[in-house]
>>> print(open('target-v9.tsv').read())   # TSV, C-alpha atoms
chain	number	residue	atom	x	y	z
A	29	MET	CA	24.51	39.33	-31.34
A	30	VAL	CA	23.90	36.51	-28.88
A	31	GLN	CA	27.00	34.50	-28.02
A	32	PHE	CA	26.11	30.82	-28.03
A	33	THR	CA	27.83	28.48	-25.59
A	34	GLU	CA	29.73	25.49	-26.92
A	35	LEU	CA	29.85	22.70	-24.35
A	36	GLU	CA	32.32	19.84	-24.60
A	37	SER	CA	31.75	16.25	-23.56
A	38	GLY	CA	33.52	16.71	-20.23
A	39	GLN	CA	31.33	19.66	-19.30
A	40	LEU	CA	28.17	17.81	-20.34
A	41	ALA	CA	29.28	14.76	-18.34
A	42	SER	CA	29.67	16.98	-15.27
A	43	LEU	CA	26.15	18.32	-15.78
A	44	CYS	CA	24.80	14.79	-16.11
A	45	ARG	CA	26.18	14.09	-12.65
A	46	GLN	CA	24.49	17.19	-11.22
A	47	PHE	CA	21.15	15.97	-12.55
A	48	SER	CA	21.81	12.33	-11.54
A	49	LEU	CA	21.57	11.10	-15.13
A	50	GLY	CA	24.49	8.70	-15.02
A	51	GLU	CA	27.04	8.37	-17.80
A	52	LEU	CA	26.91	10.64	-20.86
A	53	THR	CA	26.75	8.37	-23.93
A	54	GLY	CA	26.28	10.94	-26.69
A	55	PHE	CA	25.22	14.48	-27.52
A	56	ARG	CA	24.60	16.91	-30.34
A	57	PRO	CA	23.81	20.64	-30.52
A	58	VAL	CA	20.20	21.50	-31.39
A	59	ALA	CA	19.92	24.60	-33.59
A	60	ALA	CA	16.65	25.92	-32.21
A	61	GLY	CA	15.72	29.46	-31.29
A	62	THR	CA	17.82	32.60	-31.40
A	63	ILE	CA	18.73	33.13	-27.75
A	64	ASN	CA	19.69	29.95	-25.90
A	65	SER	CA	22.21	27.19	-26.59
A	66	ASN	CA	20.52	23.80	-26.75
A	67	TYR	CA	21.72	20.20	-26.76
A	68	GLN	CA	20.30	16.74	-27.09
A	69	ILE	CA	22.08	14.55	-24.57
A	70	ASP	CA	21.97	10.77	-24.36
A	71	THR	CA	22.70	9.31	-20.96
A	72	ALA	CA	22.43	6.14	-18.95
A	73	ALA	CA	19.03	7.42	-17.80
A	74	GLY	CA	17.77	8.11	-21.33
A	75	ARG	CA	17.59	11.07	-23.69
A	76	PHE	CA	17.13	14.67	-22.51
A	77	PHE	CA	17.05	18.24	-23.78
A	78	LEU	CA	19.63	20.55	-22.19
A	79	ARG	CA	19.37	24.32	-22.40
A	80	VAL	CA	21.96	26.94	-21.52
A	81	ASN	CA	19.94	29.97	-20.38
A	82	GLU	CA	22.07	32.58	-22.10
A	83	GLY	CA	22.40	35.88	-20.27
A	84	LYS	CA	19.63	35.20	-17.76
A	85	ARG	CA	19.60	36.02	-14.08
A	86	GLU	CA	18.89	33.27	-11.58
A	87	SER	CA	15.60	34.95	-10.67
A	88	GLU	CA	14.45	34.62	-14.29
A	89	VAL	CA	15.31	30.94	-14.49
A	90	SER	CA	13.73	30.13	-11.11
A	91	TYR	CA	10.56	31.99	-12.12
A	92	GLU	CA	10.18	29.80	-15.21
A	93	VAL	CA	10.51	26.73	-12.99
A	94	ALA	CA	7.76	28.06	-10.71
A	95	VAL	CA	5.52	28.74	-13.72
A	96	LEU	CA	5.98	25.22	-15.07
A	97	ARG	CA	5.28	23.60	-11.71
A	98	HIS	CA	2.10	25.66	-11.35
A	99	LEU	CA	0.88	24.84	-14.87
A	100	VAL	CA	1.60	21.12	-14.63
A	101	ALA	CA	-0.39	21.03	-11.40
A	102	GLY	CA	-3.22	22.65	-13.36
A	103	GLY	CA	-3.16	20.01	-16.08
A	104	VAL	CA	-1.37	21.95	-18.81
A	105	CYS	CA	0.55	19.80	-21.29
A	106	THR	CA	4.12	20.97	-20.75
A	107	LEU	CA	7.40	19.56	-19.42
A	108	LEU	CA	8.86	19.94	-15.95
A	109	PRO	CA	12.60	20.62	-15.74
A	110	LEU	CA	14.64	18.03	-13.90
A	111	GLU	CA	15.80	18.82	-10.38
A	112	THR	CA	19.34	18.75	-9.08
A	113	GLY	CA	20.27	17.22	-5.75
A	114	ASP	CA	19.41	20.44	-3.92
A	115	GLY	CA	15.87	20.46	-5.32
A	116	LEU	CA	16.38	23.26	-7.83
A	117	GLY	CA	14.94	22.95	-11.33
A	118	TYR	CA	18.24	24.10	-12.82
A	119	ALA	CA	21.99	23.85	-12.23
A	120	ARG	CA	24.56	26.58	-11.70
A	121	PHE	CA	27.47	25.87	-14.01
A	122	GLU	CA	30.45	28.03	-14.93
A	123	GLY	CA	28.55	31.29	-14.50
A	124	GLN	CA	25.49	30.03	-16.40
A	125	PHE	CA	22.19	28.44	-15.44
A	126	ILE	CA	21.41	25.10	-17.07
A	127	SER	CA	17.96	23.56	-17.49
A	128	VAL	CA	17.35	19.93	-18.43
A	129	PHE	CA	14.02	18.61	-19.66
A	130	PRO	CA	12.73	15.15	-20.56
A	131	TRP	CA	13.05	14.42	-24.27
A	132	ARG	CA	9.77	13.86	-26.09
A	133	ASP	CA	9.43	12.61	-29.65
A	134	GLY	CA	6.94	14.83	-31.40
A	135	TYR	CA	6.95	17.14	-34.36
A	136	GLN	CA	6.99	20.90	-34.82
A	137	CYS	CA	4.81	22.59	-37.40
A	138	SER	CA	6.15	24.57	-40.31
A	139	SER	CA	4.28	27.79	-41.01
A	140	GLU	CA	3.72	26.64	-44.60
A	141	ASN	CA	1.81	23.46	-43.76
A	142	ILE	CA	-0.09	24.08	-40.51
A	143	SER	CA	-3.56	22.55	-40.66
A	144	GLU	CA	-6.76	24.05	-39.30
A	145	ARG	CA	-7.01	21.06	-36.98
A	146	GLU	CA	-3.63	21.90	-35.47
A	147	CYS	CA	-4.68	25.54	-35.05
A	148	ARG	CA	-7.84	24.42	-33.28
A	149	GLU	CA	-5.79	22.31	-30.89
A	150	ILE	CA	-3.36	25.14	-30.19
A	151	GLY	CA	-6.25	27.46	-29.41
A	152	GLY	CA	-7.63	25.01	-26.89
A	153	ALA	CA	-4.22	24.43	-25.29
A	154	LEU	CA	-3.65	28.17	-24.93
A	155	ALA	CA	-7.05	28.64	-23.29
A	156	GLN	CA	-6.29	25.83	-20.84
A	157	LEU	CA	-3.00	27.54	-20.01
A	158	HIS	CA	-4.84	30.79	-19.26
A	159	LEU	CA	-7.31	29.05	-16.97
A	160	ALA	CA	-4.63	27.05	-15.17
A	161	GLY	CA	-2.48	30.14	-14.65
A	162	ASN	CA	-5.02	31.73	-12.30
A	163	GLY	CA	-3.51	32.35	-8.90
A	164	MET	CA	0.11	32.11	-10.05
A	165	GLU	CA	2.29	33.98	-7.58
A	166	PRO	CA	4.47	35.92	-7.63
A	167	ALA	CA	3.54	37.77	-10.78
A	168	ARG	CA	6.01	39.54	-13.03
A	169	ALA	CA	5.63	41.97	-15.88
A	170	GLY	CA	6.71	40.98	-19.38
A	171	ARG	CA	9.89	42.18	-21.02
A	172	TYR	CA	8.00	43.37	-24.13
A	173	THR	CA	5.80	46.07	-22.69
A	174	PHE	CA	4.63	48.82	-25.05
A	175	GLU	CA	7.25	51.13	-23.57
A	176	ALA	CA	10.06	48.58	-23.93
A	177	VAL	CA	9.20	47.85	-27.55
A	178	LYS	CA	9.04	51.55	-28.34
A	179	ALA	CA	12.43	52.12	-26.69
A	180	ALA	CA	13.92	49.33	-28.81
A	181	TYR	CA	12.42	50.89	-31.94
A	182	GLU	CA	13.82	54.32	-31.12
A	183	LYS	CA	17.36	52.93	-31.16
A	184	PHE	CA	17.12	52.27	-34.91
A	185	SER	CA	14.38	54.74	-35.88
A	186	SER	CA	16.90	57.16	-37.40
A	187	SER	CA	18.64	54.48	-39.48
A	188	SER	CA	19.28	55.31	-43.14
A	189	ASP	CA	19.25	51.64	-44.15
A	190	PRO	CA	16.97	51.50	-47.23
A	191	MET	CA	15.69	48.08	-46.14
A	192	LEU	CA	14.22	49.67	-43.01
A	193	VAL	CA	12.48	52.72	-44.48
A	194	THR	CA	9.01	51.15	-44.67
A	195	ALA	CA	9.39	49.33	-41.35
A	196	ILE	CA	10.42	52.51	-39.53
A	197	ALA	CA	7.57	54.58	-40.98
A	198	THR	CA	5.00	51.85	-40.32
A	199	SER	CA	6.22	51.39	-36.75
A	200	ALA	CA	5.98	55.11	-36.03
A	201	THR	CA	2.35	55.13	-37.15
A	202	GLU	CA	1.53	52.03	-35.11
A	203	PHE	CA	3.11	53.35	-31.92
A	204	GLU	CA	1.04	56.50	-32.21
A	205	TRP	CA	-2.18	54.59	-32.98
A	206	LEU	CA	-1.72	52.13	-30.11
A	207	GLY	CA	-0.64	54.87	-27.71
A	208	GLU	CA	-3.95	56.63	-28.28
A	209	ARG	CA	-5.74	53.43	-27.24
A	210	ALA	CA	-3.66	52.63	-24.16
A	211	GLU	CA	-6.61	53.01	-21.78
A	212	GLN	CA	-8.73	50.50	-23.71
A	213	ARG	CA	-5.86	48.02	-23.78
A	214	ALA	CA	-5.30	48.41	-20.04
A	215	GLN	CA	-8.89	47.31	-19.33
A	216	LEU	CA	-8.53	43.86	-20.93
A	217	PRO	CA	-8.57	40.81	-18.61
A	218	THR	CA	-5.08	39.73	-17.55
A	219	GLY	CA	-3.32	36.76	-16.01
A	220	LEU	CA	-0.43	34.42	-16.69
A	221	ILE	CA	0.43	34.26	-20.41
A	222	HIS	CA	3.05	32.44	-22.46
A	223	ALA	CA	3.83	35.51	-24.64
A	224	ASP	CA	5.78	33.62	-27.32
A	225	LEU	CA	3.75	30.60	-28.46
A	226	PHE	CA	5.15	30.20	-31.97
A	227	PRO	CA	5.17	26.81	-33.72
A	228	ASP	CA	8.77	26.15	-32.65
A	229	ASN	CA	7.60	26.37	-29.03
A	230	VAL	CA	5.07	23.56	-29.42
A	231	LEU	CA	5.57	19.82	-29.79
A	232	MET	CA	2.70	18.17	-31.63
A	233	ARG	CA	1.73	14.54	-32.02
A	234	GLU	CA	-0.93	12.77	-34.00
A	235	GLY	CA	-4.16	13.59	-32.24
A	236	GLY	CA	-3.15	16.70	-30.33
A	237	VAL	CA	-0.61	18.87	-28.58
A	238	LEU	CA	2.20	16.94	-26.92
A	239	ALA	CA	3.82	19.81	-25.01
A	240	LEU	CA	3.93	23.59	-24.84
A	241	LEU	CA	7.57	24.65	-24.54
A	242	ASP	CA	9.82	27.56	-23.61
A	243	PHE	CA	8.11	29.58	-20.89
A	244	GLU	CA	11.04	31.93	-20.36
A	245	GLN	CA	8.91	34.91	-21.44
A	246	ALA	CA	5.89	33.89	-19.34
A	247	CYS	CA	4.48	36.86	-17.46
A	248	VAL	CA	1.30	38.63	-16.47
A	249	GLY	CA	-0.38	40.15	-19.49
A	250	ALA	CA	-3.65	40.42	-21.37
A	251	TYR	CA	-5.04	37.03	-22.41
A	252	CYS	CA	-6.12	38.72	-25.60
A	253	TYR	CA	-2.53	39.71	-26.35
A	254	ASP	CA	-1.36	36.10	-25.92
A	255	LEU	CA	-4.08	34.98	-28.30
A	256	ALA	CA	-3.00	37.68	-30.74
A	257	VAL	CA	0.59	36.40	-30.64
A	258	CYS	CA	-0.73	32.98	-31.68
A	259	LEU	CA	-2.80	34.46	-34.49
A	260	ASN	CA	0.32	36.16	-35.84
A	261	ALA	CA	2.44	33.05	-35.36
A	262	TRP	CA	0.12	30.31	-36.65
A	263	CYS	CA	-2.22	31.93	-39.16
A	264	PHE	CA	0.13	33.22	-41.83
A	265	ALA	CA	2.19	31.31	-44.35
A	266	LYS	CA	3.30	33.13	-47.49
A	267	VAL	CA	-0.17	34.67	-47.34
A	268	TRP	CA	-2.88	35.29	-44.75
A	269	GLU	CA	-4.79	32.10	-43.82
A	270	PRO	CA	-8.18	33.15	-42.38
A	271	GLY	CA	-9.35	29.54	-42.03
A	272	ARG	CA	-6.55	28.92	-39.58
A	273	ALA	CA	-7.53	31.99	-37.57
A	274	ARG	CA	-11.15	30.90	-37.32
A	275	ALA	CA	-10.06	27.43	-36.22
A	276	LEU	CA	-7.64	28.78	-33.59
A	277	LEU	CA	-10.21	31.16	-32.17
A	278	SER	CA	-12.88	28.46	-32.17
A	279	GLY	CA	-10.60	26.04	-30.32
A	280	TYR	CA	-9.77	28.71	-27.77
A	281	GLN	CA	-13.37	29.69	-27.12
A	282	LYS	CA	-14.52	26.13	-26.60
A	283	VAL	CA	-12.37	26.18	-23.47
A	284	ARG	CA	-12.46	29.87	-22.52
A	285	PRO	CA	-15.07	32.03	-24.32
A	286	LEU	CA	-13.97	35.59	-25.04
A	287	GLY	CA	-15.88	38.47	-23.49
A	288	ARG	CA	-17.23	41.30	-25.62
A	289	ASP	CA	-14.42	43.57	-24.45
A	290	GLU	CA	-11.86	40.99	-25.56
A	291	ILE	CA	-13.41	40.55	-28.98
A	292	LYS	CA	-13.25	44.31	-29.43
A	293	GLY	CA	-9.73	44.46	-28.02
A	294	LEU	CA	-8.42	41.70	-30.27
A	295	SER	CA	-8.09	44.13	-33.19
A	296	LEU	CA	-5.68	46.18	-31.05
A	297	GLU	CA	-3.69	43.24	-29.75
A	298	VAL	CA	-3.05	41.61	-33.12
A	299	ARG	CA	-1.44	44.86	-34.24
A	300	ALA	CA	0.45	45.32	-30.97
A	301	SER	CA	1.92	41.82	-31.13
A	302	ALA	CA	2.82	42.14	-34.82
A	303	LEU	CA	4.58	45.42	-34.00
A	304	ARG	CA	6.49	43.77	-31.17
A	305	PHE	CA	7.86	41.07	-33.46
A	306	LEU	CA	8.58	43.52	-36.25
A	307	VAL	CA	10.76	45.53	-33.87
A	308	SER	CA	12.43	42.56	-32.18
A	309	ARG	CA	13.25	40.83	-35.47
A	310	ILE	CA	14.96	44.01	-36.65
A	311	ARG	CA	16.84	44.55	-33.38
A	312	ASP	CA	17.80	40.96	-32.59
A	313	ILE	CA	18.26	39.44	-36.03
A	314	TYR	CA	18.43	41.85	-38.95
A	315	LEU	CA	20.72	44.53	-37.48
A	316	PRO	CA	23.23	42.10	-35.89
A	317	ALA	CA	23.44	40.20	-39.19
A	318	GLN	CA	24.30	43.41	-41.02
A	319	GLY	CA	27.12	44.09	-38.61
A	320	GLN	CA	28.48	40.54	-38.68
A	321	ALA	CA	28.55	39.02	-42.14
A	322	GLY	CA	29.52	35.67	-40.68
A	323	SER	CA	26.54	35.46	-38.32
A	324	ALA	CA	25.32	32.00	-37.40
A	325	SER	CA	22.86	30.70	-39.98
A	326	ARG	CA	20.16	30.01	-37.40
A	327	THR	CA	19.91	33.75	-36.69
A	328	GLN	CA	19.11	34.45	-40.35
A	329	ALA	CA	16.40	31.84	-40.99
A	330	PRO	CA	13.75	32.98	-43.48
A	331	GLY	CA	11.06	32.53	-40.84
A	332	LYS	CA	12.69	35.30	-38.79
A	333	ASP	CA	12.48	37.92	-41.59
A	334	PHE	CA	11.04	41.13	-40.11
A	335	ARG	CA	9.20	41.84	-43.37
A	336	ARG	CA	6.79	39.04	-42.59
A	337	PHE	CA	5.44	41.18	-39.79
A	338	LEU	CA	4.98	44.15	-42.06
A	339	MET	CA	2.68	41.89	-44.07
A	340	ARG	CA	0.81	40.93	-40.93
A	341	LEU	CA	0.30	44.55	-39.91
A	342	LYS	CA	-1.01	45.35	-43.38
A	343	THR	CA	-3.45	42.45	-43.11
A	344	TRP	CA	-4.80	43.47	-39.69
A	345	LYS	CA	-5.20	47.10	-40.73
A	346	ALA	CA	-7.13	46.03	-43.83
A	347	LEU	CA	-9.42	43.75	-41.80
A	348	GLY	CA	-10.14	46.44	-39.23
A	349	PRO	CA	-12.01	45.89	-35.96
A	350	ALA	CA	-15.11	44.49	-37.68
A	351	GLY	CA	-13.11	41.96	-39.68
A	352	VAL	CA	-11.17	40.74	-36.64
A	353	ALA	CA	-14.38	40.47	-34.59
A	354	ASP	CA	-15.97	38.45	-37.39
A	355	LEU	CA	-13.13	35.93	-37.15
A	356	ALA	CA	-13.83	35.48	-33.43
A	357	GLU	CA	-17.61	35.28	-33.85
A	358	SER	CA	-17.82	33.08	-36.95
A	359	ARG	CA	-18.40	29.36	-36.61
A	360	ASP	CA	-15.43	27.18	-37.43
A	361	LYS	CA	-16.16	24.22	-39.70
A	362	GLU	CA	-14.63	21.26	-37.92
>>> encode(input="target-v9.tsv", output="structure tokens")
Amino acid sequence: MVQFTELESGQLASLCRQFSLGELTGFRPVAAGTINSNYQIDTAAGRFFLRVNEGKRESEVSYEVAVLRHLVAGGVCTLLPLETGDGLGYARFEGQFISVFPWRDGYQCSSENISERECREIGGALAQLHLAGNGMEPARAGRYTFEAVKAAYEKFSSSSDPMLVTAIATSATEFEWLGERAEQRAQLPTGLIHADLFPDNVLMREGGVLALLDFEQACVGAYCYDLAVCLNAWCFAKVWEPGRARALLSGYQKVRPLGRDEIKGLSLEVRASALRFLVSRIRDIYLPAQGQAGSASRTQAPGKDFRRFLMRLKTWKALGPAGVADLAESRDKE
């Protein structure tokens, strides 16, 4: 279970001084995400978003800063972290690393009411990110490689929890199926990817995307995998929403058309990304909640239910390669 950091007004005031924000005039915790501790802070210089990078090494935090600087230079709609007096995009504070971002008033989509227009815009924004990420150095591998996800699964694969029986059996089959196709997956075009572009990592506004957020998982990976993450994140509500998928893929391809190898590989990547989130939701959310009945409510939100990803896997398997390719090749009705 992640231990969230509670900051008091005196500590936040000290951080305001490090970022040259003047007097702290107000603050409130922001219950967003499952890893970091977040705050809205009001200061003499305006309103900002403060993030405690829980459990991260300095190299991880500095890499995210480098990614954001590179993407902003390439025209991607995201937010640069504020610099401290020594030019860093973060502050060292009581053994933690603190990031502060400009506050932007936008809205975040709920999976139940995402429109096809919003999916189209997300597709285009993701494609722009992929194009702008070219030449990003130094590169780093992602934390959710096939091997890492499988290792996480193996830690609970022998569980007797009746809630996990189907998930464990399904995961075993998927690991075997994807493992047999490792060579095909390795041939897909790669570059800088976001790797976690769920609706809560995007600020929208009327007329488009306001800002892509939370690049702490950014890494080198297959563009097709990043697109698959978005399909799993944006194109399901209580049921599968194929219209959203067509719109997202259409928006993406207007900026960066997919090659034939990527269209074929998409049927692998949608299952690989669904498997990743099935495993991580069990490891990071379900299992800790079982061990700690008093777990924080934000770690047990319905949207984090691992069973949603069992439904996604079932959908992708039913569609098969031809069905997934048809989504990418069909014309979206704008």
>>> closest_residue(input="target-v9.tsv", among="A:Leu49, A:Leu192, A:Leu347, A:Val89", to="Gln245 (chain A)", atoms="all atoms listed in the file")
A:Val89
>>> residues_near_point(input="target-v9.tsv", point="(25.3, 28.8, -26.3)", cutoff="6 Å", atoms="all atoms listed in the file", output="list in words")
Phe32, Thr33, Glu34, Asn64 and Ser65 of chain A
>>> residues_around(input="target-v9.tsv", residues="Ala302 (chain A)", least_positions_apart="3", cutoff="7 Å", atoms="all atoms listed in the file", output="ChimeraX atom specification")
/A:260,298-299,305-306,337,340-341
>>> residues_near_point(input="target-v9.tsv", point="(15.0, 21.3, -6.2)", cutoff="12 Å", atoms="all atoms listed in the file", output="list in words")
Gln46, Phe47, Ser90, Val93, Ala94, Arg97, Leu108, Pro109, Leu110, Glu111, Thr112, Gly113, Asp114, Gly115, Leu116, Gly117, Tyr118, Ala119 and Ser127 of chain A
>>> write_last_selection(input="target-v9.tsv", atoms="C-alpha atoms", output="mmCIF file, keeping the file's coordinate frame")
data_model
loop_
_atom_site.group_PDB
_atom_site.id
_atom_site.type_symbol
_atom_site.label_atom_id
_atom_site.label_comp_id
_atom_site.auth_asym_id
_atom_site.auth_seq_id
_atom_site.Cartn_x
_atom_site.Cartn_y
_atom_site.Cartn_z
ATOM 1 C CA GLN A 46 24.490 17.190 -11.220
ATOM 2 C CA PHE A 47 21.150 15.970 -12.550
ATOM 3 C CA SER A 90 13.730 30.130 -11.110
ATOM 4 C CA VAL A 93 10.510 26.730 -12.990
ATOM 5 C CA ALA A 94 7.760 28.060 -10.710
ATOM 6 C CA ARG A 97 5.280 23.600 -11.710
ATOM 7 C CA LEU A 108 8.860 19.940 -15.950
ATOM 8 C CA PRO A 109 12.600 20.620 -15.740
ATOM 9 C CA LEU A 110 14.640 18.030 -13.900
ATOM 10 C CA GLU A 111 15.800 18.820 -10.380
ATOM 11 C CA THR A 112 19.340 18.750 -9.080
ATOM 12 C CA GLY A 113 20.270 17.220 -5.750
ATOM 13 C CA ASP A 114 19.410 20.440 -3.920
ATOM 14 C CA GLY A 115 15.870 20.460 -5.320
ATOM 15 C CA LEU A 116 16.380 23.260 -7.830
ATOM 16 C CA GLY A 117 14.940 22.950 -11.330
ATOM 17 C CA TYR A 118 18.240 24.100 -12.820
ATOM 18 C CA ALA A 119 21.990 23.850 -12.230
ATOM 19 C CA SER A 127 17.960 23.560 -17.490
#
>>> residues_around(input="target-v9.tsv", residues="Glu165 (chain A)", least_positions_apart="5", cutoff="12 Å", atoms="all atoms listed in the file", output="MDAnalysis selection string")
chainID A and resid 91:92 94:95 97:99 219:220 247:248
>>> build_atoms(input="target-v9.tsv", residues="region 222-246 of chain A", atoms="N, CA and C atoms", output="compact mmCIF listing (two decimals), in the coordinates of the input")
# COMPACT_ATOMS: atom_id res chain seq x y z
N HIS A 222 1.80 33.01 -21.93
CA HIS A 222 3.05 32.44 -22.46
C HIS A 222 3.88 33.52 -23.12
N ALA A 223 3.25 34.33 -23.98
CA ALA A 223 3.83 35.51 -24.64
C ALA A 223 4.72 35.21 -25.84
N ASP A 224 4.91 33.92 -26.19
CA ASP A 224 5.78 33.62 -27.32
C ASP A 224 5.44 32.26 -27.93
N LEU A 225 4.14 31.95 -28.06
CA LEU A 225 3.75 30.60 -28.46
C LEU A 225 3.75 30.45 -29.98
N PHE A 226 4.95 30.46 -30.55
CA PHE A 226 5.15 30.20 -31.97
C PHE A 226 5.23 28.69 -32.20
N PRO A 227 5.12 28.25 -33.45
CA PRO A 227 5.17 26.81 -33.72
C PRO A 227 6.42 26.11 -33.20
N ASP A 228 7.56 26.81 -33.16
CA ASP A 228 8.77 26.15 -32.65
C ASP A 228 8.78 26.03 -31.14
N ASN A 229 7.74 26.54 -30.47
CA ASN A 229 7.60 26.37 -29.03
C ASN A 229 6.48 25.40 -28.67
N VAL A 230 6.12 24.56 -29.64
CA VAL A 230 5.07 23.56 -29.42
C VAL A 230 5.50 22.24 -30.03
N LEU A 231 5.40 21.17 -29.26
CA LEU A 231 5.57 19.82 -29.79
C LEU A 231 4.19 19.23 -30.04
N MET A 232 3.97 18.78 -31.26
CA MET A 232 2.70 18.17 -31.63
C MET A 232 2.87 16.66 -31.75
N ARG A 233 1.77 15.96 -31.71
CA ARG A 233 1.73 14.54 -32.02
C ARG A 233 0.43 14.27 -32.74
N GLU A 234 0.33 13.11 -33.35
CA GLU A 234 -0.93 12.77 -34.00
C GLU A 234 -2.05 12.75 -32.96
N GLY A 235 -3.05 13.57 -33.17
CA GLY A 235 -4.16 13.59 -32.24
C GLY A 235 -4.13 14.72 -31.24
N GLY A 236 -3.11 15.59 -31.27
CA GLY A 236 -3.15 16.70 -30.33
C GLY A 236 -1.81 17.32 -30.03
N VAL A 237 -1.82 18.19 -29.03
CA VAL A 237 -0.61 18.87 -28.58
C VAL A 237 0.12 17.97 -27.59
N LEU A 238 1.40 17.75 -27.83
CA LEU A 238 2.20 16.94 -26.92
C LEU A 238 2.73 17.79 -25.77
N ALA A 239 3.28 18.96 -26.08
CA ALA A 239 3.82 19.81 -25.01
C ALA A 239 4.00 21.24 -25.49
N LEU A 240 3.60 22.19 -24.65
CA LEU A 240 3.93 23.59 -24.84
C LEU A 240 5.31 23.81 -24.23
N LEU A 241 6.17 24.52 -24.95
CA LEU A 241 7.57 24.65 -24.54
C LEU A 241 7.96 26.11 -24.30
N ASP A 242 9.11 26.28 -23.67
CA ASP A 242 9.82 27.56 -23.61
C ASP A 242 8.97 28.66 -22.97
N PHE A 243 8.89 28.61 -21.65
CA PHE A 243 8.11 29.58 -20.89
C PHE A 243 8.99 30.69 -20.32
N GLU A 244 10.14 30.93 -20.92
CA GLU A 244 11.04 31.93 -20.36
C GLU A 244 10.50 33.35 -20.47
N GLN A 245 9.53 33.59 -21.35
CA GLN A 245 8.91 34.91 -21.44
C GLN A 245 7.57 34.98 -20.71
N ALA A 246 7.18 33.91 -20.04
CA ALA A 246 5.89 33.89 -19.34
C ALA A 246 5.81 35.05 -18.35
